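What follows is a set of notes on a single structure, which appears directly below.
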Amino acid sequence: MRIRCTSIAAALLAAAAAGLAQQWEVNGLAGGGAYRNLDFANRYGPATVGLAPGALFGASLVQHYYRYVSGEIRWAFQRSDLKVASGGETVKFRASTHAIHYDWLIHTRPREVWVRPFFAAGAGFKQFRGTGAERAYQPLSQFALLTRTTEWKALLSLGGGVRVRLSGRISLAAEVRDYLTPFPSKVIAPVGGASLDRWLHNFVPSLALGLRF
């Protein structure tokens, strides 16, 4: 009896370990991002401020809680220059961003299916960091100053995509996220009495290669 109980317990532990091994997934991702920049006007005229498109790289860890629900913690780095434009002239300043957020993934098909569309929604923080060399005079400085400053903003993440399992442990996802943040008015500082108390949209299509363990 003792041998039988031990065997049953070992089998249950092995089954639990096997099930647990399929609950986690690590992903590497790559893509690009484009911003919906903001128009404004001051006493010098109209201008557009924001960030230029740039490449994006990152990683995430996903826990598959239920057949249709997962949770994901994600970090994404994007190289995007700050910019101000007016009257056909554009000025840029080297910059980058880091996004850290947690999303809930709602799948439309159960876990055992190999093709799974999903919706994503979550929140976190985003760092805007000007990395260029500041100069005594910046063109278009009558509209905004592009600064060598670091600024954190709250982030809202919305999006969706489809994940395809390539084998028992490897999958590939194609997805699009919209990262929404308040405008980083310290990194891109409007002047001339202008106010930019609006949301900045960052549209990010990417591919994510995942490995379950």
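The way I read the labels, and the way they are meant: chains A, B, ... in the order of the structure tokens, residue 1 as the first residue of every chain, and ligand 1 as the first ligand shown, with later ones counted on from there.
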Contact table stretch 32-73 of chain A vs stretch 83-90 of chain A, cut-off 10 Å, shortest pair per residue, only C-alpha atoms, as a Markdown table:
```
| residue | atom | partner | partner_atom | distance |
| --- | --- | --- | --- | --- |
| A:Asn37 | CA | A:Lys83 | CA | 9.3 |
| A:Leu38 | CA | A:Val84 | CA | 9.7 |
| A:Asp39 | CA | A:Ala85 | CA | 9.4 |
| A:Ala41 | CA | A:Ser86 | CA | 9.9 |
| A:Gly45 | CA | A:Ser86 | CA | 8.3 |
| A:Pro46 | CA | A:Ser86 | CA | 6.6 |
| A:Ala47 | CA | A:Ser86 | CA | 4.6 |
| A:Thr48 | CA | A:Ala85 | CA | 5.1 |
| A:Val49 | CA | A:Val84 | CA | 4.4 |
| A:Gly50 | CA | A:Lys83 | CA | 5.6 |
| A:Leu51 | CA | A:Lys83 | CA | 5.5 |
| A:Ala52 | CA | A:Lys83 | CA | 6.6 |
```
Check the smallest atom-to-atom distance from each of A:Gly122, A:Pro53, A:Gly132, A:Gly161 to A:Val187 using only C-alpha atoms, then report the winner. A:Gly132
Would you list the contacts of A:Ala30 as a PyMOL selection string, taking every protein, DNA or RNA residue within 9 Å and counting only C-alpha atoms, but skipping same-chain residues closer than 2 positions in sequence? chain A and resi 28+32+55-59+76+205-209
Write down as a PyMOL selection string the residues of stretch 8-173 of chain A whose backbone DSSP state falls under alpha helix (DSSP H). chain A and resi 8-21
For atom CA of A:Arg129 and atom CA of A:Ala174, quote the distance in Å rounded to one decimal.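 Taking atom CA of A:Arg129 and atom CA of A:Ala174, their separation equals 27.6 Å.
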